[in-house]
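What follows is the content of data.txt (compact mmCIF, C-alpha atoms).
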# COMPACT_ATOMS: atom_id res chain seq x y z
CA MET A 195 -15.28 20.33 3.68
CA ALA A 196 -11.93 19.65 2.01
CA LYS A 197 -11.23 16.09 0.89
CA ASP A 198 -9.55 13.91 3.46
CA ALA A 199 -7.82 10.68 2.42
CA GLU A 200 -8.26 9.06 5.84
CA LEU A 201 -11.97 9.93 5.89
CA GLU A 202 -12.40 8.51 2.42
CA ARG A 203 -10.56 5.34 3.44
CA LEU A 204 -12.78 4.99 6.51
CA LYS A 205 -15.90 5.66 4.41
CA ALA A 206 -14.86 2.93 1.96
CA ALA A 207 -14.19 0.58 4.91
CA GLN A 208 -17.59 1.45 6.39
CA ASP A 209 -19.32 0.82 3.06
CA THR A 210 -17.54 -2.51 2.69
CA ALA A 211 -18.42 -3.46 6.28
CA PHE A 212 -22.02 -2.41 5.68
CA LYS A 213 -22.24 -4.57 2.58
CA ARG A 214 -20.75 -7.50 4.48
CA LYS A 215 -23.21 -6.94 7.28
CA GLN A 216 -26.10 -6.82 4.81
CA ASP A 217 -24.87 -9.97 3.09
CA ALA A 218 -24.52 -11.68 6.47
CA TYR A 219 -28.00 -10.46 7.42
CA ASP A 220 -29.47 -11.83 4.18
CA LYS A 221 -27.66 -15.11 4.75
CA GLN A 222 -28.95 -15.22 8.32
CA GLU A 223 -32.48 -14.48 7.14
CA SER A 224 -32.27 -17.16 4.49
CA ALA A 225 -30.91 -19.63 7.06
CA TRP A 226 -33.68 -18.64 9.47
CA LYS A 227 -36.34 -19.31 6.82
CA ALA A 228 -34.79 -22.70 6.09
CA ARG A 229 -34.65 -23.42 9.82
CA ALA A 230 -38.28 -22.34 10.32
CA ALA A 231 -39.40 -24.48 7.37
CA ALA A 232 -37.45 -27.45 8.76
CA ARG A 233 -39.03 -26.85 12.14
CA GLU A 234 -42.49 -26.81 10.56
CA THR A 235 -41.73 -30.10 8.84
CA MET A 236 -40.33 -31.53 12.06
CA ASN A 237 -43.37 -30.38 14.03
CA GLY A 238 -45.67 -31.93 11.43
CA ALA A 239 -43.72 -35.18 11.58
CA PHE A 240 -43.81 -35.06 15.36
CA GLU A 241 -47.59 -34.64 15.36
CA ALA A 242 -47.96 -37.48 12.83
CA LYS A 243 -45.75 -39.62 15.02
CA GLN A 244 -47.83 -38.71 18.05
CA ARG A 245 -51.04 -39.56 16.23
CA ALA A 246 -49.59 -42.93 15.17
CA TYR A 247 -48.44 -43.48 18.72
CA ASP A 248 -51.89 -42.60 20.09
CA VAL A 249 -53.58 -45.02 17.67
CA GLN A 250 -51.13 -47.74 18.61
CA GLN A 251 -51.52 -46.96 22.28
CA ARG A 252 -55.30 -47.04 22.15
CA SER A 253 -55.13 -50.37 20.29
CA TRP A 254 -52.77 -51.74 22.88
CA GLU A 255 -55.02 -50.60 25.65
CA ASP A 256 -58.06 -52.17 23.96
CA LEU A 257 -56.12 -55.40 23.55
CA SER A 258 -54.97 -55.29 27.14
CA ARG A 259 -58.46 -54.66 28.36
CA LEU A 260 -59.73 -57.60 26.27
CA ARG A 261 -56.98 -59.84 27.58
CA ASP A 262 -57.69 -58.76 31.11
CA ARG A 263 -61.35 -59.44 30.63
CA GLU A 264 -61.08 -62.78 28.79
CA GLY A 265 -58.09 -64.23 30.62
CA PRO A 266 -60.02 -65.34 33.75
CA ARG A 267 -62.81 -66.72 31.54
CA ILE A 268 -60.30 -68.86 29.68
CA GLU A 269 -58.92 -70.15 32.95
CA GLN A 270 -62.46 -70.83 34.18
CA LEU A 271 -63.26 -72.65 30.93
CA ASN A 272 -60.09 -74.70 31.37
CA ARG A 273 -61.20 -75.69 34.85
CA LEU A 274 -64.77 -76.43 33.73
CA GLN A 275 -63.51 -78.46 30.78
CA GLU A 276 -61.17 -80.38 33.08
CA GLN A 277 -64.04 -80.98 35.51
CA ALA A 278 -66.39 -82.06 32.70
CA TYR A 279 -63.69 -84.28 31.30
CA GLN A 280 -63.12 -85.87 34.70
CA ASN A 281 -66.89 -86.33 35.19
CA MET A 282 -67.15 -87.82 31.70
CA LYS A 283 -64.34 -90.23 32.53
CA ASP A 284 -65.93 -91.19 35.87
CA SER A 285 -69.36 -91.68 34.25
CA PHE A 286 -67.94 -93.87 31.52
CA ASP A 287 -65.97 -95.88 34.19
CA GLN A 288 -69.15 -96.33 36.21
CA ALA A 289 -71.06 -97.31 33.05
CA THR A 290 -68.38 -99.93 32.38
CA SER A 291 -68.67 -101.25 35.98
CA ALA A 292 -72.45 -101.31 35.74
CA HIS A 293 -72.26 -103.09 32.43
CA ASN A 294 -69.82 -105.62 33.95
CA ASN A 295 -72.28 -106.14 36.83
CA ARG A 296 -75.03 -106.76 34.29
CA ASP A 297 -76.80 -103.67 35.39
CA GLY A 298 -77.95 -102.46 32.02
CA ALA A 299 -80.08 -99.60 33.27
CA ALA A 300 -77.30 -98.17 35.41
CA ALA A 301 -74.82 -98.70 32.59
CA ALA A 302 -77.09 -96.80 30.21
CA MET A 303 -77.62 -93.95 32.72
CA TYR A 304 -73.86 -93.59 33.38
CA ALA A 305 -73.17 -93.79 29.68
CA ARG A 306 -75.72 -91.03 29.03
CA GLN A 307 -74.13 -88.89 31.81
CA GLY A 308 -70.70 -89.56 30.30
CA HIS A 309 -71.90 -88.26 26.94
CA GLU A 310 -73.43 -85.20 28.58
CA TYR A 311 -70.13 -84.42 30.33
CA LYS A 312 -68.31 -84.96 27.07
CA ALA A 313 -70.63 -82.50 25.33
CA GLU A 314 -70.16 -80.05 28.17
CA SER A 315 -66.38 -80.41 27.91
CA GLN A 316 -66.54 -79.75 24.14
CA ARG A 317 -68.69 -76.64 24.69
CA HIS A 318 -66.04 -75.32 27.06
CA VAL A 319 -63.31 -76.05 24.49
CA THR A 320 -65.29 -74.37 21.74
CA GLU A 321 -65.94 -71.26 23.82
CA ARG A 322 -62.28 -71.07 24.88
CA ARG A 323 -61.11 -71.44 21.29
CA GLY A 324 -63.49 -68.68 20.25
CA ILE A 325 -62.11 -66.35 22.91
CA ILE A 326 -58.52 -67.18 22.04
CA SER A 327 -59.29 -66.62 18.37
CA THR A 328 -60.77 -63.20 19.15
CA LEU A 329 -57.73 -62.31 21.24
CA LYS A 330 -55.42 -63.41 18.48
CA GLY A 331 -57.36 -61.37 15.93
CA GLU A 332 -57.10 -58.32 18.13
CA ALA A 333 -53.37 -58.94 18.66
CA ASP A 334 -52.85 -59.30 14.91
CA ARG A 335 -54.77 -56.07 14.28
CA HIS A 336 -52.68 -54.30 16.88
CA ALA A 337 -49.51 -55.64 15.31
CA THR A 338 -50.43 -53.99 12.00
CA LEU A 339 -50.30 -50.53 13.66
CA LYS A 340 -46.67 -50.75 14.70
CA PRO A 341 -45.09 -50.27 11.22
CA ALA A 342 -47.13 -47.10 10.76
CA PHE A 343 -45.84 -45.76 14.05
CA ASP A 344 -42.25 -46.82 13.19
CA ALA A 345 -42.53 -45.09 9.82
CA ALA A 346 -43.88 -41.93 11.45
CA LYS A 347 -41.05 -42.11 13.98
CA ASP A 348 -38.48 -42.47 11.16
CA ARG A 349 -39.97 -39.51 9.34
CA PHE A 350 -39.86 -37.46 12.51
CA ASN A 351 -36.23 -38.45 13.17
CA ALA A 352 -35.27 -37.48 9.60
CA ALA A 353 -37.12 -34.17 9.95
CA LYS A 354 -35.41 -33.57 13.27
CA ARG A 355 -31.99 -34.23 11.75
CA GLU A 356 -32.78 -31.77 8.93
CA HIS A 357 -34.00 -29.25 11.48
CA ASP A 358 -30.87 -29.69 13.59
CA ARG A 359 -28.72 -29.16 10.48
CA ALA A 360 -30.71 -26.04 9.48
CA LYS A 361 -30.47 -24.82 13.05
CA ALA A 362 -26.68 -25.23 13.02
CA VAL A 363 -26.47 -23.36 9.68
CA HIS A 364 -28.65 -20.59 11.07
CA GLU A 365 -26.63 -20.33 14.26
CA ARG A 366 -23.42 -20.07 12.20
CA ALA A 367 -25.03 -17.38 10.02
CA GLN A 368 -26.23 -15.64 13.15
CA ALA A 369 -22.68 -15.64 14.58
CA GLU A 370 -21.31 -14.37 11.26
CA PHE A 371 -23.92 -11.60 11.23
CA LYS A 372 -22.99 -10.62 14.78
CA THR A 373 -19.33 -10.43 13.78
CA ALA A 374 -20.15 -8.47 10.61
CA LYS A 375 -22.37 -6.13 12.60
CA ALA A 376 -19.64 -5.59 15.19
CA ASN A 377 -17.17 -4.85 12.36
CA PHE A 378 -19.63 -2.45 10.76
CA ASP A 379 -20.35 -0.75 14.08
CA LYS A 380 -16.62 -0.27 14.60
CA ALA A 381 -16.10 1.02 11.03
CA ALA A 382 -19.06 3.40 11.46
CA LYS A 383 -17.69 4.56 14.79
CA ASP A 384 -14.22 5.14 13.29
CA PHE A 385 -15.74 7.04 10.35
CA LYS A 386 -17.89 9.15 12.64
CA ALA A 387 -14.94 9.91 14.91
CA ARG A 388 -12.83 11.05 11.95
CA LEU A 389 -15.75 13.08 10.64
CA GLU A 390 -16.08 14.80 13.99
CA VAL A 391 -12.36 15.59 14.01
CA LEU A 392 -12.61 17.04 10.50
CA LYS A 393 -15.73 18.99 11.42
CA LYS A 394 -13.87 20.50 14.32
CA GLU A 395 -10.90 21.24 12.09
CA THR A 396 -13.20 22.72 9.45
CA GLY A 397 -14.92 24.75 12.13
CA LYS A 398 -11.52 25.95 13.30
CA ARG A 399 -10.50 26.75 9.71
CA ASN A 400 -13.78 28.56 9.14
CA GLU A 401 -13.18 30.47 12.34
CA ASP A 402 -9.65 31.27 11.17
CA LYS A 403 -10.96 32.38 7.77
CA ARG A 404 -13.61 34.49 9.45
CA SER A 405 -10.97 36.04 11.64
CA ILE A 406 -8.77 36.80 8.61
CA ALA A 407 -11.79 38.25 6.75
CA GLU A 408 -12.64 40.40 9.75
CA LYS A 409 -9.05 41.58 10.03
CA ALA A 410 -8.99 42.49 6.32
CA GLY A 411 -12.24 44.41 6.69
CA VAL A 412 -14.38 42.11 4.57
CA PRO A 413 -18.01 43.30 4.89
CA TYR A 414 -19.87 41.44 7.66
CA GLN A 415 -22.33 39.66 5.38
CA TYR A 416 -19.51 37.92 3.49
CA ARG A 417 -17.35 36.83 6.42
CA ASP A 418 -18.82 33.33 6.73
CA LYS A 419 -18.27 32.63 3.08
CA VAL A 420 -14.79 33.59 2.01
CA TYR A 421 -12.07 31.76 0.15
CA VAL A 422 -8.64 32.37 1.66
CA SER A 423 -5.35 31.54 -0.02
CA LYS A 424 -2.07 32.03 1.76
CA GLY A 425 1.15 32.29 -0.18
CA ALA A 426 4.60 31.24 1.03
CA ASN A 427 5.61 34.90 0.97
CA GLY A 428 3.08 35.70 3.69
CA ILE A 429 0.64 37.30 1.27
CA THR A 430 -3.00 36.40 1.97
CA ASN A 431 -5.55 36.55 -0.82
CA ILE A 432 -9.20 36.77 0.23
CA TYR A 433 -12.00 36.19 -2.28
CA PHE A 434 -15.71 36.62 -1.60
CA GLY A 435 -19.03 37.67 -3.06
CA GLY A 436 -18.67 35.66 -6.28
CA VAL A 437 -21.63 34.02 -7.98
CA GLY A 438 -22.13 30.51 -6.66
CA GLU A 439 -18.77 30.38 -4.92
CA PRO A 440 -16.79 32.93 -2.93
CA ASN A 441 -14.32 33.07 -5.82
CA GLY A 442 -16.96 32.71 -8.51
CA PRO A 443 -17.66 35.25 -11.26
CA GLY A 444 -17.74 38.84 -10.02
CA HIS A 445 -15.85 37.97 -6.83
CA ALA A 446 -14.25 40.58 -4.65
CA HIS A 447 -10.52 40.30 -3.97
CA TYR A 448 -8.58 41.63 -0.99
CA VAL A 449 -4.87 41.15 -0.54
CA MET A 450 -3.24 41.37 2.85
CA ASP A 451 0.53 41.42 3.33
CA ALA A 452 2.46 39.50 5.98
CA SER A 453 2.07 42.32 8.46
CA GLY A 454 -1.71 42.25 8.10
CA LYS A 455 -1.93 45.38 6.02
CA VAL A 456 -4.47 45.34 3.18
CA THR A 457 -2.67 46.25 -0.05
CA TYR A 458 -5.39 45.55 -2.60
CA LYS A 459 -9.14 45.90 -2.39
CA ARG A 460 -11.57 45.10 -5.14
CA GLU A 461 -15.19 44.97 -4.12
CA PRO A 462 -17.71 42.54 -5.65
CA PHE A 463 -18.30 43.21 -9.34
CA ASP A 464 -15.81 46.10 -9.42
CA PRO A 465 -13.44 46.12 -12.42
CA HIS A 466 -9.90 44.80 -12.09
CA GLY A 467 -7.16 47.42 -12.14
CA ASN A 468 -4.57 49.56 -10.44
CA GLU A 469 -7.25 51.66 -8.80
CA ASN A 470 -7.86 48.78 -6.45
CA PHE A 471 -4.39 48.88 -4.93
CA VAL A 472 -4.38 50.40 -1.52
CA ARG A 473 -1.63 53.01 -1.74
CA ASP A 474 0.74 53.12 1.14
CA ALA A 475 3.18 56.01 1.18
CA GLU A 476 5.50 54.18 3.52
CA LEU A 477 5.47 51.13 1.29
CA THR A 478 6.06 53.29 -1.78
CA ARG A 479 9.04 54.95 -0.08
CA ARG A 480 10.46 51.60 0.99
CA LEU A 481 10.01 50.15 -2.49
CA GLY A 482 11.61 53.28 -3.98
CA ASP A 483 14.58 52.91 -1.65
CA ALA A 484 14.85 49.25 -2.47
CA GLY A 485 14.67 49.99 -6.19
CA LEU A 486 17.24 52.75 -5.90
CA ALA A 487 19.58 50.49 -3.98
CA LEU A 488 19.27 47.92 -6.74
CA PHE A 489 20.00 50.54 -9.43
CA ARG A 490 23.02 51.71 -7.47
CA ARG A 491 24.38 48.21 -7.34
CA ASP A 492 23.84 47.66 -11.03
CA ARG A 493 23.98 50.65 -13.33
CA SER A 494 23.16 48.52 -16.33
CA ALA A 495 19.71 48.19 -14.82
CA ALA A 496 18.94 51.49 -16.53
CA GLY A 497 16.85 51.00 -19.63
CA PRO A 498 17.97 51.75 -23.18
CA ARG A 499 17.27 55.16 -24.69
CA SER A 500 14.26 55.17 -26.94
CA THR A 501 12.47 57.63 -29.16
CA GLN A 502 9.47 58.80 -27.19
CA TYR A 503 8.32 61.44 -29.64
CA HIS A 504 9.11 62.28 -33.25
CA ASP A 505 7.08 64.44 -35.63
CA GLY A 506 9.68 64.89 -38.38
CA THR A 507 11.08 68.05 -36.82
CA VAL A 508 11.15 67.55 -33.08
CA THR A 509 12.52 64.32 -31.63
CA VAL A 510 12.52 63.37 -27.95
CA LYS A 511 14.76 60.49 -26.88
CA VAL A 512 14.36 59.18 -23.38
CA LYS A 513 16.28 56.92 -21.07
CA SER A 514 15.18 56.02 -17.56
CA GLY A 515 17.17 54.64 -14.65
CA TYR A 516 19.91 55.37 -12.21
CA ASN A 517 21.74 58.61 -12.79
CA ARG A 518 25.21 58.66 -11.30
CA LYS A 519 25.53 62.43 -11.44
CA THR A 520 22.43 63.07 -9.41
CA ASN A 521 22.53 59.71 -7.54
CA SER A 522 18.85 59.20 -8.15
CA ILE A 523 16.36 57.50 -10.39
CA ALA A 524 15.94 59.95 -13.22
CA THR A 525 14.46 60.41 -16.64
CA ASP A 526 17.13 61.51 -19.09
CA LEU A 527 15.80 63.34 -22.19
CA ILE A 528 17.65 64.48 -25.31
CA ILE A 529 15.41 66.85 -27.27
CA ILE A 530 16.26 67.73 -30.87
CA ASP A 531 14.55 70.49 -32.81
CA ARG A 532 15.86 70.35 -36.36
CA SER A 533 13.92 73.38 -37.39
CA ALA A 534 14.54 75.86 -34.56
CA SER A 535 17.94 74.62 -33.35
CA PRO A 536 19.48 72.34 -35.95
CA ASP A 537 23.01 72.54 -34.47
CA GLU A 538 22.06 71.96 -30.85
CA HIS A 539 20.22 69.57 -28.62
CA LEU A 540 18.63 70.08 -25.22
CA HIS A 541 19.69 67.68 -22.49
CA LEU A 542 17.14 67.50 -19.66
CA ILE A 543 17.27 65.28 -16.58
CA LEU A 544 14.22 64.97 -14.29
CA ASP A 545 13.97 63.29 -10.92
CA GLU A 546 11.44 60.47 -11.27
CA LEU A 547 10.20 60.69 -7.73
CA ASP A 548 9.20 64.36 -7.63
CA GLY A 549 9.77 65.66 -11.17
CA THR A 550 12.56 68.05 -10.10
CA VAL A 551 14.75 69.28 -12.98
CA LEU A 552 18.20 67.98 -12.15
CA PHE A 553 19.97 69.13 -15.32
CA GLU A 554 18.98 71.35 -18.22
CA GLU A 555 21.52 72.50 -20.85
CA TRP A 556 21.67 73.13 -24.58
CA ARG A 557 24.72 71.49 -26.12
CA LYS A 558 26.33 71.96 -29.51
CA ASN A 559 26.11 68.96 -31.80
CA HIS A 560 29.56 69.56 -33.34
CA MET B 267 26.76 55.52 -42.33
CA ILE B 268 28.92 54.07 -39.55
CA GLU B 269 32.10 55.21 -41.26
CA ASP B 270 30.98 58.86 -41.08
CA VAL B 271 30.08 58.44 -37.44
CA VAL B 272 33.39 56.78 -36.59
CA LYS B 273 35.32 59.50 -38.45
CA THR B 274 33.54 62.24 -36.48
CA LEU B 275 34.10 60.36 -33.22
CA GLU B 276 37.83 59.99 -34.03
CA ILE B 277 38.09 63.77 -34.45
CA ILE B 278 36.29 64.28 -31.15
CA ALA B 279 38.53 61.74 -29.43
CA GLU B 280 41.67 63.57 -30.62
CA ASN B 281 40.38 66.87 -29.09
CA LYS B 282 42.92 68.92 -31.03
CA ASP B 283 41.27 72.15 -29.91
CA ASN B 284 41.51 71.09 -26.28
CA GLN B 285 37.83 71.66 -25.68
CA PRO B 286 36.22 71.16 -22.25
CA LEU B 287 35.10 67.55 -21.86
CA HIS B 288 31.39 68.37 -21.40
CA ILE B 289 31.53 70.16 -24.79
CA LEU B 290 33.06 67.04 -26.28
CA GLY B 291 30.25 65.08 -24.64
CA GLY B 292 27.80 67.30 -26.50
CA TYR B 293 29.64 66.58 -29.74
CA ILE B 294 29.51 62.82 -29.09
CA VAL B 295 25.75 63.10 -28.53
CA GLY B 296 25.48 65.22 -31.69
CA ALA B 297 27.33 62.54 -33.67
CA THR B 298 25.24 59.69 -32.31
CA ILE B 299 21.92 60.18 -30.48
CA VAL B 300 20.91 63.18 -32.59
CA ARG B 301 21.21 61.23 -35.84
CA ASP B 302 17.98 59.99 -37.42
CA ASP B 303 19.50 56.62 -38.21
CA ILE B 304 21.05 56.04 -34.78
CA ASP B 305 18.60 53.31 -33.72
CA GLU B 306 19.50 51.21 -36.75
CA LEU B 307 23.24 51.78 -36.18
CA ASN B 308 22.90 50.91 -32.50
CA SER B 309 21.26 47.63 -33.35
CA ARG B 310 24.15 46.72 -35.63
CA TYR B 311 26.96 48.14 -33.47
CA PRO B 312 26.13 47.82 -29.77
CA GLU B 313 29.39 49.54 -28.82
CA LEU B 314 28.06 52.69 -30.50
CA GLU B 315 25.19 52.90 -28.05
CA ARG B 316 27.65 52.70 -25.16
CA ILE B 317 29.67 55.54 -26.72
CA ALA B 318 26.50 57.61 -27.15
CA GLU B 319 25.53 57.19 -23.49
CA LEU B 320 29.09 57.98 -22.34
CA GLY B 321 28.75 61.21 -24.32
CA SER B 322 25.34 61.87 -22.82
CA GLU B 323 26.72 61.51 -19.31
CA LEU B 324 29.90 63.44 -20.12
CA GLU B 325 28.01 66.49 -21.37
CA THR B 326 26.32 66.86 -17.96
CA ILE B 327 29.66 67.18 -16.09
CA GLU B 328 30.80 70.73 -16.49
CA ASP B 329 33.81 70.93 -14.18
CA ASP B 330 36.11 68.60 -16.13
CA ASN B 331 36.84 66.63 -13.03
CA GLU B 332 38.47 63.25 -12.67
CA TYR B 333 35.22 61.41 -13.29
CA ALA B 334 34.69 63.32 -16.53
CA ALA B 335 38.24 62.40 -17.58
CA SER B 336 37.47 58.79 -16.76
CA LEU B 337 34.34 58.93 -18.91
CA PHE B 338 36.30 60.45 -21.81
CA GLN B 339 38.94 57.78 -21.50
CA GLN B 340 36.21 55.11 -21.56
CA PHE B 341 34.85 56.76 -24.71
CA GLN B 342 38.25 56.59 -26.40
CA GLN B 343 38.64 52.91 -25.53
CA ALA B 344 35.10 52.12 -26.66
CA LEU B 345 35.83 53.84 -29.96
CA ILE B 346 38.89 51.67 -30.47
CA HIS B 347 36.77 48.63 -29.72
CA LEU B 348 34.08 49.79 -32.15
CA LYS B 349 36.62 50.23 -34.93
CA GLN B 350 38.02 46.76 -34.27
CA ASN B 351 34.55 45.30 -34.74
CA LEU B 352 33.65 47.09 -37.96
As structure tokens:
Amino acid sequence: MAKDAELERLKAAQDTAFKRKQDAYDKQESAWKARAAARETMNGAFEAKQRAYDVQQRSWEDLSRLRDREGPRIEQLNRLQEQAYQNMKDSFDQATSAHNNRDGAAAAMYARQGHEYKAESQRHVTERRGIISTLKGEADRHATLKPAFDAAKDRFNAAKREHDRAKAVHERAQAEFKTAKANFDKAAKDFKARLEVLKKETGKRNEDKRSIAEKAGVPYQYRDKVYVSKGANGITNIYFGGVGEPNGPGHAHYVMDASGKVTYKREPFDPHGNENFVRDAELTRRLGDAGLALFRRDRSAAGPRSTQYHDGTVTVKVKSGYNRKTNSIATDLIIIDRSASPDEHLHLILDELDGTVLFEEWRKNH
Amino acid sequence: MIEDVVKTLEIIAENKDNQPLHILGGYIVGATIVRDDIDELNSRYPELERIAELGSELETIEDDNEYAASLFQQFQQALIHLKQNL
């Protein structure tokens, strides 16, 4: 196929678009890997956060359950302590009254009861303090879990921000790839369309060449592989059968004139030469007429006289061209024989077309 | 030598014997084309070649017609021109 500037431009555009698409694809892939890695990190951070949350939650639930369980006991202990305290106070008041009434035995009994209530009240206080201390310890332990959860949450948030950034980069790269792909698809489509046009044109040219080869009588086996050159003068040169190329070494050469007549035929590997010209009597006559007309217009077109033969005795001097006397293209010969006829010369005029003797006379030299 | 040729041609041009023109044409050819050294002389004196060919044409016209007279006249003028350029 002959070179086509538009096709080459489109091919270059397609190649450029392909490279851009590949670059955009690589960039998209790279961005996707970064996004996937960020997502992995984010997922890991999320799981860590969830684990920290679960630990904290379980601790909170344990604490809540403990509080729920021990809260009523504390209230009960408060009531029992209050009751014991009140009983202690009443016993000591009664002991005081008994003592004032000089009832030593009753005073001692009430005093002993007062001390028992006091001891009971202190037991309730001790138990309540123990429970409260346990609750506080559990609350403190729970409180230590919160920073771990907060840190895990911060790490997750940071990972999420990085993931969101990588996602945005990837989505931009994805959009750029889509644009580059669309541009490439269009460039490829344009290239293909032009190629199709050229293929059709080439097919048409090949068909034309085949038709010309057929018209010129090129042998069938060469008709699909001919090189045709058309001149401005309407002459068509057809080459085929060469080595490697139709016009390669040993090629055949046909020449067809503007009317479609083959004027020259050289078959593959035949020698170059006049024998290859296809003689056309009509053409010869027309060329003769044309040549004669030219000679008639310009007599000086006749060539100079030259010595055609000389052997020291006989000399033949020839001039060729238009002869006014005979009104034809003629060969004009002056023949001198210094031995046989030293005082004369023979003047002979022959018609160039058919060799007819137009003039033949011996003339005296002086 | 050109002088010998010119002298012969002058005699022919005078035509004192009133010869037919085609005979004179033969003489002109005899004085020019027939010479062995004519090619060299032609190269030096182009007018001589024209005279020789006028003679060659004149010797083929045997009826001394107007055209022959015209050729002879051209020969005479060419001779004058040749002499002027010697």
Residues of chain A within 9 Å of chain B, only C-alpha atoms counted, as a PyMOL selection string: chain A and resi 498-501+509+511+517-519+528-530+537-539+541+553-560
Nearest residue to Ser224 of chain A from the set A:Leu527, A:Ala352, A:Val363, A:Ala426 (distances using all atoms listed in the file):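 Among the listed residues, the smallest separation from Ser224 of chain A belongs to A:Val363.
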Who sits within 12 Å of Ala382 of chain A, all atoms listed in the file, same chain under 2 positions skipped, as a count of residues only: 25
Contacts of Ser258 of chain A at 12 Å (only C-alpha atoms; same-chain gap of 3+ positions) as a VMD selection string: chain A and resid 251 to 255 261 to 265 329 to 330 332 to 333 336
Given only C-alpha atoms as the counted atoms, nearest of A:Thr373, A:Asn521, A:Gln250, A:Gln275 to Lys340 of chain A: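 Nearest candidate to Lys340 of chain A out of A:Thr373, A:Asn521, A:Gln250, A:Gln275: A:Gln250.
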Computed interatomic separation between atom CA of Ala278 of chain A and atom CA of Val319 of chain A (Å):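 Spanning atom CA of Ala278 of chain A to atom CA of Val319 of chain A is a straight-line distance of 10.6 Å.
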Exercise: Ile346 of chain B partners within 12 Å, all atoms listed in the file, chain neighbours under 5 positions left out, as number ranges by chain: B: 272-273, 275-276, 279, 313-314, 317, 339-341, 351-352
Repair of segment 360-373 of chain A at the level of N, CA and C atoms, as a short mmCIF file (atom, residue, chain, number, x, y, z; two decimals), keeping the file's coordinate frame:
data_model
loop_
_atom_site.label_atom_id
_atom_site.label_comp_id
_atom_site.auth_asym_id
_atom_site.auth_seq_id
_atom_site.Cartn_x
_atom_site.Cartn_y
_atom_site.Cartn_z
N ALA A 360 -30.31 -27.41 9.82
CA ALA A 360 -30.71 -26.04 9.48
C ALA A 360 -30.47 -25.10 10.66
N LYS A 361 -30.69 -25.61 11.84
CA LYS A 361 -30.47 -24.82 13.05
C LYS A 361 -28.98 -24.46 13.19
N ALA A 362 -28.13 -25.47 12.93
CA ALA A 362 -26.68 -25.23 13.02
C ALA A 362 -26.24 -24.19 11.98
N VAL A 363 -26.80 -24.33 10.75
CA VAL A 363 -26.47 -23.36 9.68
C VAL A 363 -26.92 -21.97 10.10
N HIS A 364 -28.12 -21.88 10.64
CA HIS A 364 -28.65 -20.59 11.07
C HIS A 364 -27.82 -19.99 12.19
N GLU A 365 -27.42 -20.83 13.13
CA GLU A 365 -26.63 -20.33 14.26
C GLU A 365 -25.26 -19.83 13.79
N ARG A 366 -24.69 -20.54 12.78
CA ARG A 366 -23.42 -20.07 12.20
C ARG A 366 -23.63 -18.72 11.51
N ALA A 367 -24.71 -18.63 10.73
CA ALA A 367 -25.03 -17.38 10.02
C ALA A 367 -25.28 -16.26 11.01
N GLN A 368 -25.93 -16.62 12.11
CA GLN A 368 -26.23 -15.64 13.15
C GLN A 368 -24.92 -15.10 13.76
N ALA A 369 -23.98 -16.04 14.01
CA ALA A 369 -22.68 -15.64 14.58
C ALA A 369 -21.92 -14.77 13.59
N GLU A 370 -22.00 -15.16 12.29
CA GLU A 370 -21.31 -14.37 11.26
C GLU A 370 -21.93 -12.98 11.17
N PHE A 371 -23.25 -12.90 11.28
CA PHE A 371 -23.92 -11.60 11.23
C PHE A 371 -23.49 -10.74 12.42
N LYS A 372 -23.41 -11.38 13.59
CA LYS A 372 -22.99 -10.62 14.78
C LYS A 372 -21.59 -10.06 14.60
N THR A 373 -20.70 -10.89 14.03
CA THR A 373 -19.33 -10.43 13.78
C THR A 373 -19.33 -9.29 12.76
#
